[in-house]
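Here is the file start_5.json (JSON, C-alpha atoms).
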```json
[["chain", "number", "residue", "atom", "x", "y", "z"],
["I", 178, "MET", "CA", 12.92, 26.40, 17.33],
["I", 179, "SER", "CA", 13.98, 25.31, 13.86],
["I", 180, "THR", "CA", 15.73, 27.64, 11.44],
["I", 181, "PRO", "CA", 13.16, 28.65, 8.80],
["I", 182, "ILE", "CA", 13.88, 27.20, 5.35],
["I", 183, "PRO", "CA", 11.54, 28.03, 2.48],
["I", 184, "LEU", "CA", 9.45, 25.01, 1.62],
["I", 185, "HIS", "CA", 9.00, 24.30, -2.07],
["I", 186, "VAL", "CA", 6.04, 22.06, -2.81],
["I", 187, "PRO", "CA", 7.03, 19.84, -5.77],
["I", 188, "ASP", "CA", 5.04, 20.54, -8.92],
["I", 189, "GLU", "CA", 4.08, 16.86, -9.28],
["I", 190, "LEU", "CA", 2.58, 16.78, -5.79],
["I", 191, "ALA", "CA", 0.74, 20.05, -6.36],
["I", 192, "ALA", "CA", -0.65, 18.70, -9.63],
["I", 193, "SER", "CA", -1.93, 15.53, -7.94],
["I", 194, "TYR", "CA", -4.00, 17.67, -5.58],
["I", 195, "GLY", "CA", -4.98, 20.25, -8.17],
["I", 196, "THR", "CA", -8.18, 18.57, -9.34],
["I", 197, "THR", "CA", -10.28, 19.67, -6.36],
["I", 198, "GLU", "CA", -10.74, 22.92, -4.48],
["I", 199, "ALA", "CA", -10.00, 21.19, -1.17],
["I", 200, "GLY", "CA", -6.79, 19.74, -2.59],
["I", 201, "ARG", "CA", -5.59, 23.09, -3.91],
["I", 202, "ALA", "CA", -6.35, 24.68, -0.54],
["I", 203, "TRP", "CA", -4.36, 21.99, 1.25],
["I", 204, "ILE", "CA", -1.35, 22.51, -1.03],
["I", 205, "ALA", "CA", -1.54, 26.28, -0.50],
["I", 206, "GLY", "CA", -1.48, 25.78, 3.28],
["I", 207, "LEU", "CA", 1.28, 23.17, 3.28],
["I", 208, "PRO", "CA", 4.24, 25.55, 3.93],
["I", 209, "ALA", "CA", 2.48, 27.01, 6.98],
["I", 210, "LEU", "CA", 1.53, 23.53, 8.20],
["I", 211, "ALA", "CA", 5.14, 22.39, 7.90],
["I", 212, "ALA", "CA", 6.38, 25.41, 9.82],
["I", 213, "GLU", "CA", 3.82, 24.78, 12.56],
["I", 214, "PHE", "CA", 4.91, 21.20, 13.19],
["I", 215, "LEU", "CA", 8.61, 21.89, 12.87],
["I", 216, "ASP", "CA", 8.16, 24.31, 15.74],
["I", 217, "ARG", "CA", 5.64, 22.27, 17.75],
["I", 218, "TRP", "CA", 7.80, 19.16, 17.79],
["I", 219, "GLU", "CA", 11.10, 21.10, 17.96],
["I", 220, "LEU", "CA", 12.48, 19.72, 14.72],
["I", 221, "LYS", "CA", 15.24, 20.92, 12.43],
["I", 222, "ARG", "CA", 15.17, 20.32, 8.67],
["I", 223, "ASP", "CA", 17.87, 17.93, 7.54],
["I", 224, "GLY", "CA", 17.75, 17.77, 3.77],
["I", 225, "GLU", "CA", 15.54, 18.18, 0.76],
["I", 226, "ALA", "CA", 11.87, 17.25, 0.84],
["I", 227, "GLY", "CA", 10.73, 14.00, -0.71],
["I", 228, "PHE", "CA", 7.27, 13.20, -1.98],
["I", 229, "GLY", "CA", 4.99, 10.44, -3.16],
["I", 230, "GLU", "CA", 1.68, 10.41, -5.00],
["I", 231, "ALA", "CA", -0.13, 12.05, -2.09],
["I", 232, "SER", "CA", 2.38, 13.01, 0.61],
["I", 233, "LEU", "CA", 5.31, 15.30, 1.35],
["I", 234, "VAL", "CA", 8.13, 14.07, 3.59],
["I", 235, "LEU", "CA", 10.72, 16.29, 5.26],
["I", 236, "PRO", "CA", 13.89, 14.73, 6.67],
["I", 237, "VAL", "CA", 14.36, 16.23, 10.14],
["I", 238, "LEU", "CA", 16.45, 16.04, 13.30],
["I", 239, "ARG", "CA", 14.93, 15.87, 16.78],
["I", 240, "THR", "CA", 16.40, 17.77, 19.71],
["I", 241, "ASP", "CA", 18.48, 14.74, 20.75],
["I", 242, "GLY", "CA", 19.94, 14.46, 17.24],
["I", 243, "THR", "CA", 17.80, 11.48, 16.24],
["I", 244, "ARG", "CA", 16.99, 11.41, 12.52],
["I", 245, "ALA", "CA", 13.29, 11.30, 11.69],
["I", 246, "ALA", "CA", 10.87, 12.03, 8.87],
["I", 247, "LEU", "CA", 7.98, 14.51, 9.04],
["I", 248, "ARG", "CA", 5.15, 13.38, 6.76],
["I", 249, "PHE", "CA", 2.20, 15.44, 5.54],
["I", 250, "GLN", "CA", -0.87, 14.17, 3.70],
["I", 251, "GLN", "CA", -4.31, 15.67, 3.27],
["I", 252, "PRO", "CA", -6.62, 14.29, 5.99],
["I", 253, "ARG", "CA", -8.93, 11.65, 4.59],
["I", 254, "GLU", "CA", -10.11, 8.14, 5.42],
["I", 255, "GLU", "CA", -6.84, 6.59, 4.23],
["I", 256, "THR", "CA", -4.76, 8.93, 6.40],
["I", 257, "THR", "CA", -6.79, 8.08, 9.49],
["I", 258, "ALA", "CA", -6.50, 4.37, 8.73],
["I", 259, "ALA", "CA", -2.72, 4.70, 8.37],
["I", 260, "LEU", "CA", -2.47, 6.34, 11.79],
["I", 261, "ILE", "CA", -4.58, 3.58, 13.35],
["I", 262, "GLY", "CA", -2.42, 0.92, 11.73],
["I", 263, "LEU", "CA", 0.92, 2.46, 12.64],
["I", 264, "ARG", "CA", -0.16, 2.93, 16.26],
["I", 265, "THR", "CA", -1.39, -0.66, 16.46],
["I", 266, "TRP", "CA", 1.63, -2.28, 14.79],
["I", 267, "ASN", "CA", 3.93, -0.11, 16.93],
["I", 268, "GLY", "CA", 6.96, -0.62, 14.70],
["I", 269, "ASP", "CA", 6.71, -4.42, 14.43],
["I", 270, "GLY", "CA", 7.83, -5.00, 10.84],
["I", 271, "ILE", "CA", 6.91, -1.46, 9.83],
["I", 272, "VAL", "CA", 8.20, 2.09, 10.17],
["I", 273, "ARG", "CA", 7.74, 3.39, 13.72],
["I", 274, "LEU", "CA", 5.33, 6.24, 14.46],
["I", 275, "ILE", "CA", 6.96, 8.71, 16.88],
["I", 276, "GLU", "CA", 4.39, 11.51, 17.05],
["I", 277, "HIS", "CA", 1.15, 12.25, 15.25],
["I", 278, "ASP", "CA", -1.60, 14.80, 14.96],
["I", 279, "GLY", "CA", -4.92, 13.24, 14.04],
["I", 280, "ALA", "CA", -6.64, 16.46, 12.99],
["I", 281, "SER", "CA", -4.10, 17.32, 10.29],
["I", 282, "GLY", "CA", -2.87, 13.79, 9.53],
["I", 283, "THR", "CA", 0.72, 14.89, 10.25],
["I", 284, "MET", "CA", 3.10, 12.11, 11.29],
["I", 285, "LEU", "CA", 6.62, 12.05, 12.69],
["I", 286, "LEU", "CA", 8.21, 8.74, 11.67],
["I", 287, "GLU", "CA", 11.53, 7.04, 12.17],
["I", 288, "ARG", "CA", 13.74, 7.76, 9.19],
["I", 289, "LEU", "CA", 14.52, 4.92, 6.82],
["I", 290, "ASP", "CA", 16.76, 4.87, 3.75],
["I", 291, "GLY", "CA", 14.50, 6.21, 1.02],
["I", 292, "SER", "CA", 17.18, 5.53, -1.59],
["I", 293, "ARG", "CA", 17.19, 1.77, -0.97],
["I", 294, "THR", "CA", 13.98, -0.19, -1.49],
["I", 295, "LEU", "CA", 13.51, -3.94, -1.58],
["I", 296, "ALA", "CA", 13.51, -3.62, -5.38],
["I", 297, "SER", "CA", 17.29, -3.20, -5.07],
["I", 298, "VAL", "CA", 17.62, -6.88, -4.07],
["I", 299, "GLY", "CA", 18.36, -8.61, -7.35],
["I", 300, "ASP", "CA", 17.34, -12.18, -6.53],
["I", 301, "ASP", "CA", 13.55, -12.35, -6.64],
["I", 302, "ASP", "CA", 13.23, -15.29, -4.26],
["I", 303, "THR", "CA", 15.33, -13.44, -1.68],
["I", 304, "ALA", "CA", 13.32, -10.23, -2.05],
["I", 305, "MET", "CA", 9.98, -12.04, -1.91],
["I", 306, "THR", "CA", 11.04, -14.03, 1.16],
["I", 307, "ILE", "CA", 11.92, -10.78, 2.94],
["I", 308, "LEU", "CA", 8.59, -9.22, 1.99],
["I", 309, "ALA", "CA", 6.71, -12.35, 3.02],
["I", 310, "GLY", "CA", 8.37, -12.27, 6.45],
["I", 311, "LEU", "CA", 7.26, -8.69, 7.00],
["I", 312, "LEU", "CA", 3.74, -9.40, 5.74],
["I", 313, "ARG", "CA", 3.46, -12.41, 8.06],
["I", 314, "ARG", "CA", 4.16, -10.15, 11.04],
["I", 315, "LEU", "CA", 1.75, -7.46, 9.90],
["I", 316, "VAL", "CA", -1.25, -9.72, 9.22],
["I", 317, "ALA", "CA", -0.73, -11.57, 12.51],
["I", 318, "VAL", "CA", -2.25, -8.55, 14.27],
["I", 319, "PRO", "CA", -6.04, -8.45, 14.79],
["I", 320, "ALA", "CA", -7.57, -5.40, 13.17],
["I", 321, "PRO", "CA", -8.98, -2.67, 15.42],
["I", 322, "LYS", "CA", -12.73, -2.21, 15.09],
["I", 323, "GLU", "CA", -12.29, 1.31, 13.70],
["I", 324, "LEU", "CA", -10.89, 0.02, 10.40],
["I", 325, "ARG", "CA", -13.01, -0.52, 7.33],
["I", 326, "GLY", "CA", -13.70, -4.20, 6.65],
["I", 327, "LEU", "CA", -13.21, -6.33, 3.57],
["I", 328, "GLY", "CA", -16.82, -7.50, 3.81],
["I", 329, "ASP", "CA", -18.09, -4.00, 3.06],
["I", 330, "ILE", "CA", -15.59, -3.58, 0.24],
["I", 331, "ALA", "CA", -16.60, -6.92, -1.30],
["I", 332, "ALA", "CA", -20.28, -5.96, -1.17],
["I", 333, "ASP", "CA", -19.54, -2.64, -2.87],
["I", 334, "MET", "CA", -17.54, -4.37, -5.60],
["I", 335, "LEU", "CA", -20.26, -6.89, -6.34],
["I", 336, "GLU", "CA", -22.80, -4.10, -6.79],
["I", 337, "GLN", "CA", -20.60, -2.52, -9.46],
["I", 338, "VAL", "CA", -20.00, -5.68, -11.50],
["I", 339, "PRO", "CA", -23.03, -5.64, -13.87],
["I", 340, "ALA", "CA", -22.28, -2.13, -15.14],
["I", 341, "ALA", "CA", -18.55, -2.89, -15.35],
["I", 342, "VAL", "CA", -19.14, -6.06, -17.38],
["I", 343, "ALA", "CA", -21.23, -4.08, -19.85],
["I", 344, "ALA", "CA", -18.38, -1.59, -20.29],
["I", 345, "LEU", "CA", -15.87, -4.24, -21.42],
["I", 346, "ALA", "CA", -15.45, -4.74, -25.16],
["I", 347, "ASP", "CA", -14.05, -8.28, -25.22],
["I", 348, "PRO", "CA", -16.41, -11.17, -24.36],
["I", 349, "ALA", "CA", -13.48, -13.02, -22.78],
["I", 350, "ASP", "CA", -12.83, -10.09, -20.45],
["I", 351, "ARG", "CA", -16.52, -9.95, -19.57],
["I", 352, "GLN", "CA", -16.45, -13.63, -18.63],
["I", 353, "ARG", "CA", -13.29, -13.18, -16.54],
["I", 354, "LEU", "CA", -14.86, -10.34, -14.57],
["I", 355, "ARG", "CA", -18.00, -12.41, -13.93],
["I", 356, "THR", "CA", -15.85, -15.35, -12.77],
["I", 357, "TRP", "CA", -13.81, -13.19, -10.39],
["I", 358, "ALA", "CA", -17.02, -11.71, -9.00],
["I", 359, "SER", "CA", -18.50, -15.18, -8.48],
["I", 360, "VAL", "CA", -15.46, -16.24, -6.46],
["I", 361, "VAL", "CA", -15.68, -13.10, -4.33],
["I", 362, "ALA", "CA", -19.39, -13.72, -3.72],
["I", 363, "ASP", "CA", -18.54, -17.20, -2.40],
["I", 364, "LEU", "CA", -15.90, -15.80, -0.01],
["I", 365, "ALA", "CA", -17.65, -12.62, 1.10],
["I", 366, "GLY", "CA", -19.39, -14.24, 4.06],
["I", 367, "GLU", "CA", -16.00, -14.81, 5.77],
["I", 368, "PRO", "CA", -14.00, -11.64, 5.02],
["I", 369, "GLY", "CA", -11.43, -12.11, 7.80],
["I", 370, "ASP", "CA", -10.31, -9.93, 10.71],
["I", 371, "ARG", "CA", -6.56, -9.45, 10.30],
["I", 372, "MET", "CA", -4.96, -6.04, 9.80],
["I", 373, "LEU", "CA", -3.88, -5.79, 6.17],
["I", 374, "HIS", "CA", -1.27, -3.42, 4.76],
["I", 375, "TRP", "CA", -3.14, -3.30, 1.40],
["I", 376, "ASP", "CA", -0.13, -2.01, -0.60],
["I", 377, "LEU", "CA", 2.96, -4.03, 0.33],
["I", 378, "HIS", "CA", 5.19, -4.27, -2.73],
["I", 379, "TYR", "CA", 8.96, -3.98, -3.16],
["I", 380, "ASP", "CA", 8.97, -0.17, -3.34],
["I", 381, "ASN", "CA", 7.08, 0.04, -0.04],
["I", 382, "VAL", "CA", 9.83, -1.74, 1.86],
["I", 383, "LEU", "CA", 12.83, 0.40, 2.82],
["I", 384, "ALA", "CA", 16.20, -0.36, 4.39],
["I", 385, "GLY", "CA", 16.53, 0.74, 8.00],
["I", 386, "ASP", "CA", 18.85, 0.85, 10.99],
["I", 387, "ARG", "CA", 16.57, -0.75, 13.59],
["I", 388, "GLU", "CA", 15.91, -3.67, 11.22],
["I", 389, "PRO", "CA", 17.40, -4.40, 7.79],
["I", 390, "TRP", "CA", 14.03, -3.88, 6.09],
["I", 391, "LEU", "CA", 10.76, -2.28, 7.19],
["I", 392, "ALA", "CA", 7.40, -1.69, 5.51],
["I", 393, "ILE", "CA", 6.10, 1.83, 4.86],
["I", 394, "ASP", "CA", 2.93, 3.56, 3.56],
["I", 395, "PRO", "CA", 0.22, 1.20, 4.83],
["I", 396, "GLU", "CA", -3.42, 1.62, 3.86],
["I", 397, "PRO", "CA", -4.82, -0.56, 6.65],
["I", 398, "LEU", "CA", -7.94, -2.62, 6.23],
["I", 399, "ALA", "CA", -9.53, -5.45, 8.24],
["I", 400, "GLY", "CA", -9.73, -8.65, 6.24],
["I", 401, "ASP", "CA", -8.33, -11.94, 4.98],
["I", 402, "PRO", "CA", -4.54, -12.00, 4.36],
["I", 403, "GLY", "CA", -5.19, -13.45, 0.90],
["I", 404, "PHE", "CA", -6.44, -10.03, -0.15],
["I", 405, "ASP", "CA", -3.00, -8.61, 0.69],
["I", 406, "LEU", "CA", -0.92, -10.69, -1.75],
["I", 407, "TRP", "CA", -1.48, -8.96, -5.09],
["I", 408, "PRO", "CA", 0.89, -5.97, -4.63],
["I", 409, "ALA", "CA", 3.73, -8.41, -3.95],
["I", 410, "LEU", "CA", 2.78, -10.59, -6.93],
["I", 411, "ASP", "CA", 2.79, -7.48, -9.13],
["I", 412, "SER", "CA", 6.16, -6.12, -7.92],
["I", 413, "ARG", "CA", 8.64, -5.16, -10.68],
["I", 414, "TRP", "CA", 6.03, -6.20, -13.23],
["I", 415, "GLU", "CA", 7.86, -4.85, -16.28],
["I", 416, "GLU", "CA", 10.84, -7.05, -15.42],
["I", 417, "VAL", "CA", 8.58, -10.03, -14.80],
["I", 418, "ALA", "CA", 6.83, -9.58, -18.13],
["I", 419, "ALA", "CA", 10.16, -9.20, -19.92],
["I", 420, "THR", "CA", 11.26, -12.68, -18.80],
["I", 421, "GLY", "CA", 8.60, -14.29, -20.97],
["I", 422, "GLU", "CA", 7.81, -16.50, -17.96],
["I", 423, "ALA", "CA", 5.37, -14.29, -16.07],
["I", 424, "HIS", "CA", 3.04, -17.16, -15.14],
["I", 425, "ARG", "CA", 5.94, -19.12, -13.62],
["I", 426, "VAL", "CA", 7.21, -16.10, -11.65],
["I", 427, "VAL", "CA", 3.74, -15.33, -10.27],
["I", 428, "ARG", "CA", 3.23, -18.96, -9.22],
["I", 429, "ARG", "CA", 6.61, -19.02, -7.51],
["I", 430, "ARG", "CA", 5.86, -15.80, -5.66],
["I", 431, "PHE", "CA", 2.39, -17.03, -4.72],
["I", 432, "ASP", "CA", 3.85, -20.24, -3.30],
["I", 433, "LEU", "CA", 6.47, -18.36, -1.27],
["I", 434, "LEU", "CA", 3.89, -15.98, 0.16],
["I", 435, "THR", "CA", 1.25, -18.57, 1.01],
["I", 436, "ASP", "CA", 3.86, -20.85, 2.60],
["I", 437, "ALA", "CA", 5.28, -18.03, 4.72],
["I", 438, "LEU", "CA", 1.83, -16.90, 5.87],
["I", 439, "ALA", "CA", 0.50, -20.48, 6.25],
["I", 440, "LEU", "CA", -2.50, -19.66, 4.06],
["I", 441, "ASP", "CA", -4.94, -22.02, 2.42],
["I", 442, "ARG", "CA", -3.96, -21.63, -1.23],
["I", 443, "GLU", "CA", -7.42, -21.99, -2.70],
["I", 444, "ARG", "CA", -8.79, -19.29, -0.40],
["I", 445, "ALA", "CA", -5.76, -17.06, -0.97],
["I", 446, "ALA", "CA", -6.18, -17.45, -4.72],
["I", 447, "GLY", "CA", -9.84, -16.51, -4.41],
["I", 448, "TRP", "CA", -9.12, -13.31, -2.50],
["I", 449, "THR", "CA", -6.34, -12.52, -4.99],
["I", 450, "LEU", "CA", -9.00, -12.67, -7.70],
["I", 451, "GLY", "CA", -10.96, -10.28, -5.50],
["I", 452, "ARG", "CA", -8.06, -7.87, -5.63],
["I", 453, "LEU", "CA", -7.93, -8.20, -9.42],
["I", 454, "LEU", "CA", -11.65, -7.46, -9.48],
["I", 455, "GLN", "CA", -11.11, -4.33, -7.41],
["I", 456, "ASN", "CA", -8.27, -3.11, -9.63],
["I", 457, "SER", "CA", -10.28, -3.76, -12.77],
["I", 458, "LEU", "CA", -13.35, -1.96, -11.44],
["I", 459, "TRP", "CA", -11.17, 1.08, -10.77],
["I", 460, "ASP", "CA", -9.73, 0.86, -14.30],
["I", 461, "ILE", "CA", -13.20, 0.63, -15.85],
["I", 462, "GLU", "CA", -14.36, 3.57, -13.75],
["I", 463, "ASP", "CA", -11.45, 5.51, -15.29],
["I", 464, "GLY", "CA", -12.74, 4.72, -18.78],
["I", 465, "LYS", "CA", -10.86, 1.57, -19.76],
["I", 466, "THR", "CA", -12.76, -1.00, -21.84],
["I", 467, "ALA", "CA", -10.32, -3.91, -21.49],
["I", 468, "LEU", "CA", -8.76, -5.74, -18.56],
["I", 469, "ASP", "CA", -5.11, -4.96, -17.93],
["I", 470, "ALA", "CA", -2.86, -7.73, -19.26],
["I", 471, "SER", "CA", -1.03, -8.07, -15.96],
["I", 472, "GLN", "CA", -4.31, -8.67, -14.11],
["I", 473, "VAL", "CA", -5.20, -11.43, -16.56],
["I", 474, "VAL", "CA", -1.80, -13.11, -16.14],
["I", 475, "VAL", "CA", -1.96, -13.03, -12.33],
["I", 476, "GLY", "CA", -5.48, -14.42, -12.39],
["I", 477, "GLU", "CA", -4.49, -17.28, -14.70],
["I", 478, "ALA", "CA", -1.38, -18.04, -12.64],
["I", 479, "VAL", "CA", -3.05, -18.35, -9.23],
["I", 480, "VAL", "CA", -6.19, -20.27, -10.28],
["I", 481, "GLY", "CA", -5.75, -23.92, -9.38],
["I", 482, "ARG", "CA", -2.56, -23.19, -7.51]]
```

Take the structure I supplied and represent it as C-alpha cells, if you would.
Amino acid sequence: MSTPIPLHVPDELAASYGTTEAGRAWIAGLPALAAEFLDRWELKRDGEAGFGEASLVLPVLRTDGTRAALRFQQPREETTAALIGLRTWNGDGIVRLIEHDGASGTMLLERLDGSRTLASVGDDDTAMTILAGLLRRLVAVPAPKELRGLGDIAADMLEQVPAAVAALADPADRQRLRTWASVVADLAGEPGDRMLHWDLHYDNVLAGDREPWLAIDPEPLAGDPGFDLWPALDSRWEEVAATGEAHRVVRRRFDLLTDALALDRERAAGWTLGRLLQNSLWDIEDGKTALDASQVVVGEAVVGR
C-alpha cells in the first residue's frame, strides 16, 4: 500500500472544471479517487503532480520499481475514445496503456519525459519528419467501430454553417467559410476509416525510453488521415508567424506530412480545410466574429498544393 501524500489539485485544473456542477463534484472527489487507485494498483507516488487542460497526472512507481504515470480525467466521450485508441494502438508509436478503469476513466500509462517535447527539436524539418513518422503509424490502424466517425462530424458542421456565416463581420471571411464548407460537402461521402489521433502537434509528442519519441493525449476518431494534419501544421505557430514566411513553412510541412503518409494532396488539403471549418465554428460559437488569422494562412497555403 502506498504511503499517503496529500494531493493538491492545481488551481488552474480546478478552475477549468469549475463551470459545471458535475465538474466541481469531480474535482472535489479527485483526492479520494487518487487514493483509491494508488492502493488498488499498488502504486507509490514518485514526484509532484502534473496537469493539462483537463487531466491530472501523478508520477508513480509500480511494485517492481517500474516508473509509470497515473492519469485522471472526468469520464466523458473523449475519455472513452482515448481508452479505445490506446488499447487498439497498444503502444505502437504512442504511450503504452498499462492498466485502466473504464468507469472512472483512470489510466496507468508508461512514463515519458514530460519536460522534453518535440518542440525542443530546433530544426523544423527534423521535428516534422519525426511527427510524420509517428502519425503514419497511428493512422495505419483501422478504427474500431465504437469510435465516432468523421462523416457524422462533417454533417454536424455543415448544419452549423449558415448561422456561422451570418455571425461573421467581414464578407471575405463569410466567403472563406462557405468555400471550406463546400469542399467538406464534396468529401463527406467518403469520410475514411482510419484511427485518427485528432491532436498530434509538437507538444503532444514526448521523449521516451522505449522509443526516442512517442505520441500522447489522443482524441481518437474514425476518418480520413487528411483531417489529422492541421495540429502539426499549426505547431509552434507564434514562431512560424514571426518568420514572415508562414505560407512557405505551412507548405513545407504539408508536403512532408503528405509524402510520409502517402496521401493524395488535393484530398488532404480538402480535409485540412474541414479542420479549419471545425475550428472556426468553435470560435464563432464562443462569440468571435472574425476568422483567426492562422486559420486563414493555413487555408491559403494548402489550397492548390

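Each of I:Ile393, I:Leu308, I:Leu458, I:Leu184 was checked against Gly229 (chain I) using all atoms listed in the file; the smallest atom-to-atom distance is that of I:Ile393.
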
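The space separating CA of Ala467 (chain I) from CA of Ala341 (chain I) comes to 10.3 Å.
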
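In this model, the gap between CA of Pro339 (chain I) and CA of Pro402 (chain I) comes to 26.7 Å.
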
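In this structure, CA of Thr306 (chain I) sits 16.5 Å away from CA of Asp376 (chain I).
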
**Request:** With a distance cut-off of 7 Å and only C-alpha atoms, select the neighbouring residues of region 281-285 of chain I, excluding the residue or stretch itself and same-chain residues fewer than 5 positions from it, and output the selection as a ChimeraX atom specification.
**Result:** /I:245-252,256-257,274-276

Closest of I:Val272, I:Ala470, I:Ala304, I:Ala331 to Val360 (chain I), counting only C-alpha atoms, is I:Ala331

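The neighbours of Phe228 (chain I) here are the residues that come within 8 Å of it, using only C-alpha atoms and leaving out any residue fewer than 4 positions away in the same chain; they are I:Pro187, I:Leu190, I:Ser232, I:Leu233, I:Val234.
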
- Determine, counting only C-alpha atoms, which protein, DNA and RNA residues have an atom within 12 Å of an atom of Ala446 (chain I); residues of the same chain fewer than 6 positions away are not included. Present the result as a PyMOL selection string. chain I and resi 357+360-361+364+401-407+410+427-428+431-432+434-435+440+452-453+475-482

- request: Show me as a ChimeraX atom specification the residues that reach within 10 Å of (16.9, 6.3, 2.9), counting all atoms listed in the file and using the file's own coordinates.
  value: /I:236,288-294,383-386

Residues as selected, C-alpha atoms, written as an mmCIF file, in the frame of the given file, can you do that?
```cif
data_model
loop_
_atom_site.group_PDB
_atom_site.id
_atom_site.type_symbol
_atom_site.label_atom_id
_atom_site.label_comp_id
_atom_site.auth_asym_id
_atom_site.auth_seq_id
_atom_site.Cartn_x
_atom_site.Cartn_y
_atom_site.Cartn_z
ATOM 1 C CA PRO I 236 13.890 14.730 6.670
ATOM 2 C CA ARG I 288 13.740 7.760 9.190
ATOM 3 C CA LEU I 289 14.520 4.920 6.820
ATOM 4 C CA ASP I 290 16.760 4.870 3.750
ATOM 5 C CA GLY I 291 14.500 6.210 1.020
ATOM 6 C CA SER I 292 17.180 5.530 -1.590
ATOM 7 C CA ARG I 293 17.190 1.770 -0.970
ATOM 8 C CA THR I 294 13.980 -0.190 -1.490
ATOM 9 C CA LEU I 383 12.830 0.400 2.820
ATOM 10 C CA ALA I 384 16.200 -0.360 4.390
ATOM 11 C CA GLY I 385 16.530 0.740 8.000
ATOM 12 C CA ASP I 386 18.850 0.850 10.990
#
```

Open item on the list: The residues within 12 Å of (-7.6, -6.4, 6.9), using all atoms listed in the file and the coordinates of the file, should be reported as a PyMOL selection string; which are they?
Closed with: chain I and resi 258+262+312+315-330+367-376+395-406+448

Ala209 (chain I) proximity check over I:Arg314, I:Arg239, I:His185, I:Arg264, using only C-alpha atoms: winner is I:His185

Leu438 (chain I) proximity check over I:Gly310, I:Leu391, I:Arg217, I:Gln352, using all atoms listed in the file: winner is I:Gly310

The residue from I:Gly451, I:Gly421, I:Gly200, I:Gly227 with the smallest atom-to-atom distance to Ala362 (chain I), counting only C-alpha atoms, is I:Gly451

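Using all atoms listed in the file, the nearest neighbour of Trp266 (chain I) within the list I:Val342, I:Gln337, I:Arg253, I:Leu311 is I:Leu311.
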